[in-house]
>>> print(open('input_9.tsv').read())   # TSV, C-alpha atoms
chain	number	residue	atom	x	y	z
G	745	MET	CA	21.37	-50.09	33.07
G	746	LEU	CA	21.65	-51.85	29.74
G	747	ILE	CA	21.02	-50.14	26.41
G	748	GLY	CA	17.60	-51.73	25.88
G	749	GLU	CA	16.31	-50.49	29.23
G	750	VAL	CA	17.78	-47.02	28.58
G	751	ALA	CA	16.05	-46.90	25.19
G	752	ARG	CA	12.72	-47.90	26.77
G	753	ARG	CA	12.88	-45.32	29.56
G	754	SER	CA	14.31	-42.43	27.56
G	755	GLY	CA	12.41	-42.91	24.32
G	756	VAL	CA	15.68	-42.80	22.39
G	757	SER	CA	16.18	-45.82	20.17
G	758	ALA	CA	19.14	-48.15	20.70
G	759	ARG	CA	20.30	-47.26	17.21
G	760	MET	CA	20.33	-43.54	18.05
G	761	LEU	CA	22.17	-44.25	21.33
G	762	ARG	CA	24.88	-46.05	19.36
G	763	HIS	CA	25.01	-43.05	16.97
G	764	TYR	CA	25.47	-40.70	19.94
G	765	GLU	CA	28.30	-42.91	21.14
G	766	SER	CA	29.99	-42.85	17.73
G	767	LEU	CA	29.93	-39.04	17.84
G	768	GLY	CA	31.27	-38.95	21.37
G	769	LEU	CA	28.13	-37.40	22.82
G	770	VAL	CA	27.44	-40.26	25.26
G	771	ARG	CA	29.86	-42.94	26.32
G	772	PRO	CA	28.57	-45.77	28.50
G	773	SER	CA	30.42	-45.76	31.81
G	774	GLY	CA	31.00	-49.50	31.75
G	775	ARG	CA	30.49	-52.89	30.16
G	776	THR	CA	29.03	-56.08	31.55
G	777	GLY	CA	30.99	-59.28	31.70
G	778	SER	CA	29.36	-60.25	28.42
G	779	GLY	CA	30.47	-56.99	26.80
G	780	TYR	CA	27.09	-55.20	26.80
G	781	ARG	CA	27.00	-51.42	27.26
G	782	GLU	CA	26.08	-50.33	30.75
G	783	TYR	CA	24.84	-46.79	31.38
G	784	SER	CA	25.15	-45.01	34.73
G	785	GLN	CA	22.73	-42.45	36.15
G	786	ASP	CA	25.04	-39.65	34.90
G	787	ASP	CA	24.98	-41.18	31.42
G	788	ILE	CA	21.18	-41.26	31.43
G	789	ARG	CA	21.04	-37.69	32.68
G	790	ARG	CA	23.32	-36.64	29.77
G	791	ILE	CA	21.03	-38.40	27.31
G	792	PHE	CA	18.08	-36.38	28.59
G	793	HIS	CA	20.14	-33.19	28.25
G	794	ILE	CA	20.92	-34.09	24.64
G	795	GLU	CA	17.26	-34.69	23.85
G	796	SER	CA	16.23	-31.42	25.50
G	797	LEU	CA	18.72	-29.47	23.40
G	798	ARG	CA	17.63	-31.31	20.27
G	799	SER	CA	14.05	-30.20	20.93
G	800	LEU	CA	15.28	-26.61	20.70
G	801	GLY	CA	16.59	-27.22	17.20
G	802	LEU	CA	20.31	-27.57	17.95
G	803	SER	CA	22.41	-29.78	15.75
G	804	LEU	CA	24.29	-32.68	17.38
G	805	ARG	CA	27.54	-30.80	16.84
G	806	GLU	CA	26.17	-27.75	18.68
G	807	ILE	CA	24.91	-30.01	21.46
G	808	GLY	CA	28.38	-31.48	21.90
G	809	ARG	CA	29.88	-27.99	22.21
G	810	ALA	CA	27.19	-26.89	24.64
G	811	LEU	CA	27.78	-29.89	26.93
G	812	ASP	CA	31.57	-30.20	26.76
G	813	GLU	CA	33.00	-26.68	26.30
G	814	PRO	CA	33.23	-24.90	29.67
G	815	GLY	CA	33.30	-21.43	28.09
G	816	PHE	CA	30.32	-22.01	25.82
G	817	ALA	CA	27.76	-19.18	26.33
G	818	PRO	CA	24.12	-20.36	26.40
G	819	SER	CA	22.78	-16.84	25.73
G	820	ALA	CA	24.64	-16.59	22.40
G	821	LEU	CA	23.33	-19.99	21.41
G	822	VAL	CA	19.74	-19.09	22.31
G	823	ASP	CA	19.99	-15.79	20.38
G	824	ASP	CA	21.20	-17.67	17.34
G	825	LEU	CA	18.38	-20.18	17.70
G	826	VAL	CA	15.84	-17.36	17.89
G	827	ARG	CA	17.21	-15.79	14.71
G	828	ARG	CA	17.24	-19.06	12.79
G	829	THR	CA	13.76	-19.96	13.96
G	830	ARG	CA	12.39	-16.61	12.84
G	831	GLU	CA	14.02	-17.01	9.44
G	832	ARG	CA	12.55	-20.49	9.09
G	833	ILE	CA	9.08	-19.31	10.11
G	834	ALA	CA	9.28	-16.40	7.66
G	835	ALA	CA	10.31	-18.72	4.84
G	836	GLU	CA	7.56	-21.21	5.62
G	837	THR	CA	4.99	-18.42	5.97
G	838	GLU	CA	6.01	-17.05	2.58
G	839	LEU	CA	5.70	-20.52	1.07
G	840	LEU	CA	2.26	-20.98	2.66
G	841	THR	CA	1.13	-17.60	1.33
G	842	ARG	CA	2.31	-18.45	-2.15
G	843	LEU	CA	0.55	-21.83	-2.08
G	844	ARG	CA	-2.69	-20.20	-0.87
G	845	ARG	CA	-2.52	-17.65	-3.67
G	846	ILE	CA	-1.93	-20.29	-6.30
G	847	ASP	CA	-4.88	-22.24	-4.92
G	848	ALA	CA	-7.04	-19.09	-4.95
G	849	ALA	CA	-6.31	-18.65	-8.67
G	850	GLY	CA	-8.11	-21.94	-9.29
G	851	PRO	CA	-5.57	-23.44	-11.73
G	852	ALA	CA	-7.04	-26.04	-14.08
G	853	GLY	CA	-3.71	-27.74	-14.72
G	854	TRP	CA	0.02	-27.56	-14.18
G	855	GLU	CA	0.36	-25.06	-17.02
G	856	ASP	CA	-1.85	-22.63	-15.09
G	857	VAL	CA	0.10	-23.28	-11.88
G	858	LEU	CA	3.41	-22.51	-13.58
G	859	GLN	CA	1.98	-19.37	-15.17
G	860	VAL	CA	0.72	-18.04	-11.83
G	861	VAL	CA	4.06	-18.87	-10.18
G	862	ALA	CA	5.92	-17.00	-12.93
G	863	LEU	CA	3.71	-13.92	-12.50
G	864	LEU	CA	4.10	-13.97	-8.72
G	865	GLN	CA	7.87	-14.20	-9.06
G	866	ALA	CA	7.87	-11.35	-11.60
G	867	LEU	CA	5.82	-9.15	-9.26
G	868	GLY	CA	8.47	-9.72	-6.60
G	869	SER	CA	11.40	-9.06	-8.93
G	870	LYS	CA	14.05	-6.47	-8.09
G	871	SER	CA	13.71	-5.10	-11.63
G	872	ALA	CA	11.12	-2.34	-11.99
G	873	ASP	CA	10.68	-3.17	-15.70
G	874	THR	CA	9.95	-6.81	-14.87
G	875	ARG	CA	7.40	-5.82	-12.23
G	876	GLN	CA	5.72	-3.39	-14.62
G	877	ARG	CA	5.47	-6.00	-17.40
G	878	ALA	CA	4.02	-8.48	-14.91
G	879	ALA	CA	1.42	-5.94	-13.79
G	880	LEU	CA	0.36	-5.14	-17.35
G	881	SER	CA	0.24	-8.80	-18.39
G	882	SER	CA	-1.74	-9.85	-15.33
G	883	ALA	CA	-4.91	-8.47	-16.89
G	884	HIS	CA	-4.57	-10.76	-19.92
G	885	GLU	CA	-2.75	-13.89	-18.74
G	886	ALA	CA	-3.32	-16.17	-15.76
G	887	ALA	CA	-5.44	-14.71	-13.00
G	888	VAL	CA	-3.16	-13.24	-10.35
G	889	PRO	CA	-4.68	-13.70	-6.89
G	890	MET	CA	-6.20	-10.46	-5.57
G	891	GLU	CA	-4.14	-10.58	-2.36
G	892	ALA	CA	-0.93	-10.68	-4.39
G	893	LEU	CA	-1.94	-7.67	-6.50
G	894	VAL	CA	-2.99	-5.65	-3.45
G	895	GLU	CA	0.24	-6.51	-1.65
G	896	ALA	CA	2.22	-5.43	-4.70
G	897	VAL	CA	0.29	-2.14	-4.92
G	898	LEU	CA	0.85	-1.34	-1.24
G	899	SER	CA	4.57	-2.09	-1.39
G	900	GLU	CA	5.49	-0.56	-4.76
G	901	ALA	CA	7.64	2.57	-4.56
G	902	ASP	CA	8.31	3.04	-8.29
G	903	HIS	CA	5.85	5.56	-9.76
G	904	ASN	CA	5.45	3.86	-13.16
G	905	VAL	CA	5.10	0.37	-11.74
G	906	ALA	CA	2.59	1.61	-9.16
G	907	GLY	CA	0.45	3.09	-11.92
G	908	ALA	CA	0.50	-0.19	-13.86
G	909	LEU	CA	-0.44	-2.13	-10.74
G	910	ARG	CA	-3.36	0.17	-9.96
G	911	TRP	CA	-4.52	-0.23	-13.57
G	912	ALA	CA	-4.38	-4.01	-13.22
G	913	LEU	CA	-6.15	-3.88	-9.87
G	914	ALA	CA	-9.03	-1.82	-11.29
G	915	ARG	CA	-9.54	-4.49	-13.95
G	916	ALA	CA	-9.32	-7.50	-11.66
G	917	GLY	CA	-12.37	-9.70	-11.30
G	918	ASP	CA	-12.88	-9.43	-7.55
G	919	ASP	CA	-13.40	-6.23	-5.57
G	920	PRO	CA	-10.09	-5.23	-3.95
G	921	ALA	CA	-11.60	-2.34	-1.93
G	922	PRO	CA	-11.82	-4.23	1.41
G	923	LEU	CA	-8.17	-5.34	1.18
G	924	LEU	CA	-7.02	-1.84	0.21
G	925	ALA	CA	-8.99	-0.39	3.11
G	926	GLU	CA	-6.83	-2.44	5.48
G	927	GLY	CA	-3.85	-0.56	4.05
G	928	LEU	CA	-5.41	2.72	5.19
G	929	ALA	CA	-4.77	1.60	8.77
G	930	SER	CA	-1.09	0.81	8.17
G	931	PRO	CA	1.43	2.44	10.53
G	932	VAL	CA	3.50	3.33	7.44
G	933	ALA	CA	2.45	6.64	5.81
G	934	ALA	CA	3.59	5.55	2.33
G	935	VAL	CA	1.43	2.43	2.50
G	936	ARG	CA	-1.62	4.47	3.54
G	937	GLU	CA	-1.11	6.84	0.62
G	938	ARG	CA	-0.72	3.98	-1.87
G	939	ALA	CA	-3.91	2.41	-0.55
G	940	VAL	CA	-6.01	5.56	-0.96
G	941	LYS	CA	-4.58	6.23	-4.43
G	942	ALA	CA	-5.58	2.73	-5.51
G	943	LEU	CA	-9.07	3.17	-4.02
G	944	ALA	CA	-9.40	6.45	-5.91
G	945	GLU	CA	-8.99	4.61	-9.23
G	946	LEU	CA	-11.52	1.88	-8.45
G	947	PRO	CA	-15.07	2.10	-9.80
G	948	GLY	CA	-18.09	1.16	-7.78
G	949	GLY	CA	-19.94	2.01	-4.62
G	950	GLU	CA	-17.69	-0.03	-2.34
G	951	ALA	CA	-14.67	2.11	-3.25
G	952	ASP	CA	-16.72	5.29	-2.72
G	953	ALA	CA	-17.77	4.06	0.72
G	954	ARG	CA	-14.16	3.39	1.69
G	955	LEU	CA	-13.11	6.83	0.41
G	956	ARG	CA	-15.87	8.48	2.43
G	957	HIS	CA	-14.53	6.74	5.51
G	958	ALA	CA	-11.03	7.96	4.60
G	959	LEU	CA	-12.22	11.57	4.88
G	960	ASP	CA	-12.02	11.07	8.66
G	961	SER	CA	-8.45	9.74	8.56
G	962	PRO	CA	-5.91	11.47	10.83
G	963	ASP	CA	-3.52	11.38	7.87
G	964	ALA	CA	-3.85	14.61	5.87
G	965	ALA	CA	-2.51	12.97	2.70
G	966	VAL	CA	-5.13	10.21	2.90
G	967	ARG	CA	-7.92	12.75	3.47
G	968	GLY	CA	-6.69	14.81	0.55
G	969	HIS	CA	-6.58	11.99	-1.98
G	970	ALA	CA	-9.98	10.75	-0.85
G	971	ALA	CA	-11.51	14.22	-1.14
G	972	LEU	CA	-10.10	14.80	-4.63
G	973	ALA	CA	-11.46	11.46	-5.85
G	974	LEU	CA	-14.87	11.99	-4.28
G	975	GLY	CA	-15.04	15.60	-5.47
G	976	THR	CA	-14.54	14.64	-9.10
G	977	ARG	CA	-17.29	12.02	-8.63
G	978	GLY	CA	-19.71	14.64	-7.38
G	979	VAL	CA	-19.79	13.56	-3.73
G	980	GLY	CA	-20.58	16.65	-1.67
G	981	GLU	CA	-19.16	15.18	1.55
G	982	ALA	CA	-15.71	16.10	0.23
G	983	VAL	CA	-16.37	19.86	0.33
G	984	PRO	CA	-15.00	20.62	3.84
G	985	THR	CA	-11.79	18.69	3.21
G	986	LEU	CA	-11.30	20.33	-0.18
G	987	ILE	CA	-11.68	23.79	1.37
G	988	ASP	CA	-9.16	22.80	4.07
G	989	MET	CA	-6.74	21.82	1.31
G	990	VAL	CA	-7.10	25.24	-0.33
G	991	VAL	CA	-6.45	26.95	3.00
G	992	GLU	CA	-3.43	24.78	3.79
G	993	GLY	CA	-1.99	24.95	0.27
G	994	ARG	CA	-1.98	21.16	-0.18
G	995	ASN	CA	-2.82	20.38	-3.81
G	996	ASP	CA	-4.89	23.53	-3.64
G	997	THR	CA	-5.22	23.86	-7.41
G	998	ASP	CA	-6.60	20.33	-7.73
G	999	ALA	CA	-8.85	20.95	-4.75
G	1000	ALA	CA	-10.24	24.13	-6.37
G	1001	ASP	CA	-10.87	22.18	-9.59
G	1002	ALA	CA	-12.75	19.51	-7.63
G	1003	LEU	CA	-14.84	22.21	-5.94
G	1004	SER	CA	-15.75	23.65	-9.33
G	1005	VAL	CA	-16.94	20.19	-10.44
G	1006	LEU	CA	-19.11	19.92	-7.33
G	1007	ALA	CA	-20.44	23.44	-7.96
G	1008	ALA	CA	-22.35	22.17	-11.00
G	1009	ASP	CA	-25.14	21.51	-8.51
G	1010	THR	CA	-26.72	24.84	-7.53
G	1011	ALA	CA	-27.28	23.98	-3.87
G	1012	THR	CA	-23.75	22.65	-3.52
G	1013	ALA	CA	-22.34	25.72	-5.28
G	1014	ASP	CA	-24.02	27.95	-2.71
G	1015	ARG	CA	-22.63	25.82	0.13
G	1016	ILE	CA	-19.11	25.93	-1.34
G	1017	ALA	CA	-19.25	29.71	-1.77
G	1018	LYS	CA	-20.44	30.10	1.81
G	1019	GLY	CA	-17.59	27.88	3.05
G	1020	LEU	CA	-14.93	29.74	1.06
G	1021	VAL	CA	-16.19	33.16	2.15
G	1022	GLY	CA	-16.38	32.03	5.77
G	1023	ARG	CA	-12.75	30.94	5.73
G	1024	ILE	CA	-11.65	34.17	4.04
G	1025	ALA	CA	-13.33	36.17	6.80
G	1026	HIS	CA	-11.91	34.04	9.60
G	1027	ASP	CA	-9.46	35.87	11.86
G	1028	THR	CA	-6.89	33.04	11.77
G	1029	THR	CA	-6.75	32.83	7.97
G	1030	GLU	CA	-3.42	34.23	6.78
G	1031	ALA	CA	-2.90	36.34	3.66
G	1032	PRO	CA	-1.63	33.57	1.32
G	1033	ALA	CA	-4.59	31.38	2.26
G	1034	ARG	CA	-7.04	34.26	1.67
G	1035	GLY	CA	-5.54	34.67	-1.79
G	1036	ARG	CA	-5.99	30.97	-2.60
G	1037	LEU	CA	-9.57	31.01	-1.31
G	1038	THR	CA	-10.36	34.03	-3.48
G	1039	GLN	CA	-8.95	32.26	-6.53
G	1040	ALA	CA	-11.06	29.20	-5.71
G	1041	LEU	CA	-14.20	31.35	-6.00
G	1042	ALA	CA	-13.43	31.67	-9.74
G	1043	GLY	CA	-14.93	28.27	-10.47
G	1044	ILE	CA	-18.02	28.69	-8.30
G	1045	PRO	CA	-21.10	30.05	-10.09
G	1046	GLY	CA	-24.02	31.82	-8.44
G	1047	ALA	CA	-24.96	35.07	-6.77
G	1048	ARG	CA	-23.30	34.29	-3.46
G	1049	ALA	CA	-19.88	33.80	-5.06
G	1050	SER	CA	-20.32	36.90	-7.24
G	1051	GLY	CA	-21.36	39.00	-4.25
G	1052	ALA	CA	-18.34	37.78	-2.30
G	1053	LEU	CA	-16.03	38.78	-5.15
G	1054	VAL	CA	-17.59	42.26	-5.24
G	1055	GLU	CA	-16.85	42.71	-1.54
G	1056	LEU	CA	-13.34	41.25	-1.90
G	1057	SER	CA	-12.56	43.66	-4.74
G	1058	GLU	CA	-12.39	46.33	-2.04
G	1059	ASP	CA	-10.43	44.22	0.44
G	1060	GLU	CA	-7.60	45.81	2.40
G	1061	ASP	CA	-5.25	43.13	1.08
G	1062	ARG	CA	-4.26	44.50	-2.33
G	1063	ALA	CA	-3.48	41.04	-3.76
G	1064	VAL	CA	-6.92	39.75	-2.77
G	1065	ALA	CA	-8.63	42.88	-4.13
G	1066	LEU	CA	-6.83	42.65	-7.47
G	1067	THR	CA	-7.62	38.94	-7.78
G	1068	ALA	CA	-11.30	39.52	-7.02
G	1069	THR	CA	-11.47	42.42	-9.51
G	1070	TYR	CA	-9.90	40.32	-12.23
G	1071	LEU	CA	-12.31	37.44	-11.58
G	1072	LEU	CA	-15.28	39.80	-11.72
G	1073	ARG	CA	-14.13	41.04	-15.15
G	1074	LEU	CA	-13.88	37.45	-16.35
G	1075	ARG	CA	-17.41	36.80	-15.12
G	1076	ALA	CA	-18.67	39.91	-16.87
G	1077	VAL	CA	-17.14	38.77	-20.15
G	1078	GLY	CA	-18.55	35.29	-19.72
G	1079	ASP	CA	-22.04	36.60	-18.92
G	1080	ALA	CA	-22.14	39.08	-21.85
G	1081	PRO	CA	-24.48	37.90	-24.67
G	1082	ALA	CA	-22.81	37.21	-27.98
G	1083	GLU	CA	-23.67	39.68	-30.78
G	1084	LYS	CA	-25.53	38.11	-33.68
G	1085	PRO	CA	-24.82	39.42	-37.20
G	1086	SER	CA	-27.84	40.95	-38.97
G	1087	THR	CA	-29.45	38.94	-41.76
G	1088	GLY	CA	-28.02	39.65	-45.18
G	1089	SER	CA	-25.03	41.61	-43.94
G	1090	ARG	CA	-21.43	40.72	-43.28
G	1091	ALA	CA	-18.71	42.40	-41.38
G	1092	PRO	CA	-16.23	43.98	-43.76
G	1093	GLY	CA	-13.08	42.04	-44.39
G	1094	THR	CA	-14.54	38.60	-43.55
G	1095	ILE	CA	-13.46	35.48	-45.38
G	1096	ALA	CA	-16.79	35.42	-47.20
G	1097	ASP	CA	-16.19	38.98	-48.51
G	1098	ARG	CA	-12.75	38.08	-49.78
G	1099	ASP	CA	-14.05	34.96	-51.51
G	1100	GLU	CA	-16.84	37.00	-53.15
G	1101	GLN	CA	-14.36	39.65	-54.27
G	1102	ARG	CA	-12.21	37.01	-55.94
G	1103	THR	CA	-15.17	35.75	-57.95
G	1104	VAL	CA	-15.94	39.30	-59.17
G	1105	ASP	CA	-12.43	40.45	-60.01
G	1106	PRO	CA	-10.90	39.03	-63.14
>>> encode(input="input_9.tsv", output="structure tokens")
Amino acid sequence: MLIGEVARRSGVSARMLRHYESLGLVRPSGRTGSGYREYSQDDIRRIFHIESLRSLGLSLREIGRALDEPGFAPSALVDDLVRRTRERIAAETELLTRLRRIDAAGPAGWEDVLQVVALLQALGSKSADTRQRAALSSAHEAAVPMEALVEAVLSEADHNVAGALRWALARAGDDPAPLLAEGLASPVAAVRERAVKALAELPGGEADARLRHALDSPDAAVRGHAALALGTRGVGEAVPTLIDMVVEGRNDTDAADALSVLAADTATADRIAKGLVGRIAHDTTEAPARGRLTQALAGIPGARASGALVELSEDEDRAVALTATYLLRLRAVGDAPAEKPSTGSRAPGTIADRDEQRTVDP
């Protein structure tokens, strides 16, 4: 079969067939009397093999080795192809993501494009200082796409940089709460914790709604951060989780402070006191936890909390009894009315007396 017919049937151009021949990949088995290349059935079969291997991404050099070296292992070649293909896909995916983010920033001109690119590169820098500067400048310079900021927040391990990124995120134009909420479902515990910390610093009802949902998370750290944030915002749904934190000794001081904030509402204060007392009385509550629960009653006003402290002052656990007694004394001092000085009289030795004495004495 002549080269033109081979090209027509195989879909490989005559020029490419000559290139294959120059590389030694395919050599026509014969020549016609006029000197034209003549390909046999084996030659055509080899051409199809070459094209099949090319479709897998092999270079012509690799194809030559695969076809001509008897000891060449196909499995090693396929493994290498898989690795290279994954790397190429990852690189192209990263490029596509970057282009989408630049487009989302709505650049008005090339200056804006370059500024966004510079900020995105700085956010991905290996230098923590560079990432922190980029985070702080993002609130004043070109608009960094929300996806890029959220991704940076969820992946940042440096404490200072993470704080700067959360600050920038809270000041971004769009609401990042839905994107951060996706981080709460991450299989990586550190990512989940970064997501809930960022949500805790966001204003608005959407962030509160996401934090309420986080109270049901199987991750104790996520529940804890959500409860602390909601507690300081006066959301009573956080009470059970905050009490659990006191019992378990996880950020128990912060949890007690959040409970005291919630206790500003009389009805909530009564509910908190009831919850704390119930856990103290529970058979499974161990001594250290009973002590922490007693201390948490210090910030809870109302008759129920005071009555509980009176009972606990006689508790069999000496540490609990002493703590309750001390807290009752503090309440007594706080409830005592301040003495008012009588009109026209001063306590001896006051500053006013000394000033008056100086005006009298020569």
>>> atom_distance(input="input_9.tsv", atom1="CA of Leu928 (chain G)", atom2="CA of Ser961 (chain G)")
8.4 Å
>>> residues_around(input="input_9.tsv", residues="Val750 (chain G)", least_positions_apart="3", cutoff="10 Å", atoms="all atoms listed in the file", output="list in words")
Met745, Leu746, Ile747, Arg753, Ser754, Gly755, Val756, Ser757, Ala758, Leu761, Glu782, Tyr783, Ser784, Asp787, Ile788 and Ile791 of chain G
>>> residues_near_point(input="input_9.tsv", point="(-7.0, 30.2, 7.9)", cutoff="12 Å", atoms="all atoms listed in the file", output="number ranges by chain")
G: 987-993, 1019-1037
>>> residues_around(input="input_9.tsv", residues="Val983 (chain G)", least_positions_apart="3", cutoff="7 Å", atoms="only C-alpha atoms", output="PDB file with C-alpha atoms, in the frame of the given file")
ATOM      1  CA  GLY G 980     -20.580  16.650  -1.670  1.00  0.00           C
ATOM      2  CA  LEU G 986     -11.300  20.330  -0.180  1.00  0.00           C
ATOM      3  CA  ILE G 987     -11.680  23.790   1.370  1.00  0.00           C
ATOM      4  CA  LEU G1003     -14.840  22.210  -5.940  1.00  0.00           C
ATOM      5  CA  ILE G1016     -19.110  25.930  -1.340  1.00  0.00           C
TER       6      ILE G1016
END
>>> residues_around(input="input_9.tsv", residues="region 939-948 of chain G", least_positions_apart="4", cutoff="8 Å", atoms="only C-alpha atoms", output="ChimeraX atom specification")
/G:897-898,910-911,913-914,921,924-925,927-928,935,952,954-955,958,966,969-970,973-974
>>> atom_distance(input="input_9.tsv", atom1="CA of Ala1049 (chain G)", atom2="CA of Gly968 (chain G)")
23.8 Å
>>> residues_around(input="input_9.tsv", residues="Ala1008 (chain G)", least_positions_apart="4", cutoff="12 Å", atoms="all atoms listed in the file", output="short mmCIF file (atom, residue, chain, number, x, y, z; two decimals) with C-alpha atoms, in the frame of the given file")
data_model
loop_
_atom_site.label_atom_id
_atom_site.label_comp_id
_atom_site.auth_asym_id
_atom_site.auth_seq_id
_atom_site.Cartn_x
_atom_site.Cartn_y
_atom_site.Cartn_z
CA GLY G 975 -15.04 15.60 -5.47
CA THR G 976 -14.54 14.64 -9.10
CA ARG G 977 -17.29 12.02 -8.63
CA GLY G 978 -19.71 14.64 -7.38
CA VAL G 979 -19.79 13.56 -3.73
CA GLY G 980 -20.58 16.65 -1.67
CA ASP G 1001 -10.87 22.18 -9.59
CA ALA G 1002 -12.75 19.51 -7.63
CA LEU G 1003 -14.84 22.21 -5.94
CA SER G 1004 -15.75 23.65 -9.33
CA THR G 1012 -23.75 22.65 -3.52
CA ALA G 1013 -22.34 25.72 -5.28
CA ASP G 1014 -24.02 27.95 -2.71
CA ARG G 1015 -22.63 25.82 0.13
CA ILE G 1016 -19.11 25.93 -1.34
CA GLY G 1043 -14.93 28.27 -10.47
CA ILE G 1044 -18.02 28.69 -8.30
CA PRO G 1045 -21.10 30.05 -10.09
CA GLY G 1046 -24.02 31.82 -8.44
#
>>> atom_distance(input="input_9.tsv", atom1="CA of Leu1071 (chain G)", atom2="CA of Glu1058 (chain G)")
13.0 Å
>>> closest_residue(input="input_9.tsv", among="G:Ala1052, G:Arg938, G:Val826, G:Arg790", to="Val1064 (chain G)", atoms="all atoms listed in the file")
G:Ala1052
>>> residues_around(input="input_9.tsv", residues="region 852-867 of chain G", least_positions_apart="5", cutoff="12 Å", atoms="all atoms listed in the file", output="PyMOL selection string")
chain G and resi 838-839+841-847+872-897+899-900+905-906+908-909
>>> axis_aligned_box(input="input_9.tsv", around="region 870-878 of chain G", padding_each_side="3 Å", output="AutoDock Vina command-line options")
--center_x 9.0 --center_y -5.4 --center_z -12.7 --size_x 16.0 --size_y 12.1 --size_z 15.3
>>> closest_residue(input="input_9.tsv", among="G:Leu800, G:Leu767, G:Ala933, G:Ala835", to="Ala965 (chain G)", atoms="only C-alpha atoms")
G:Ala933
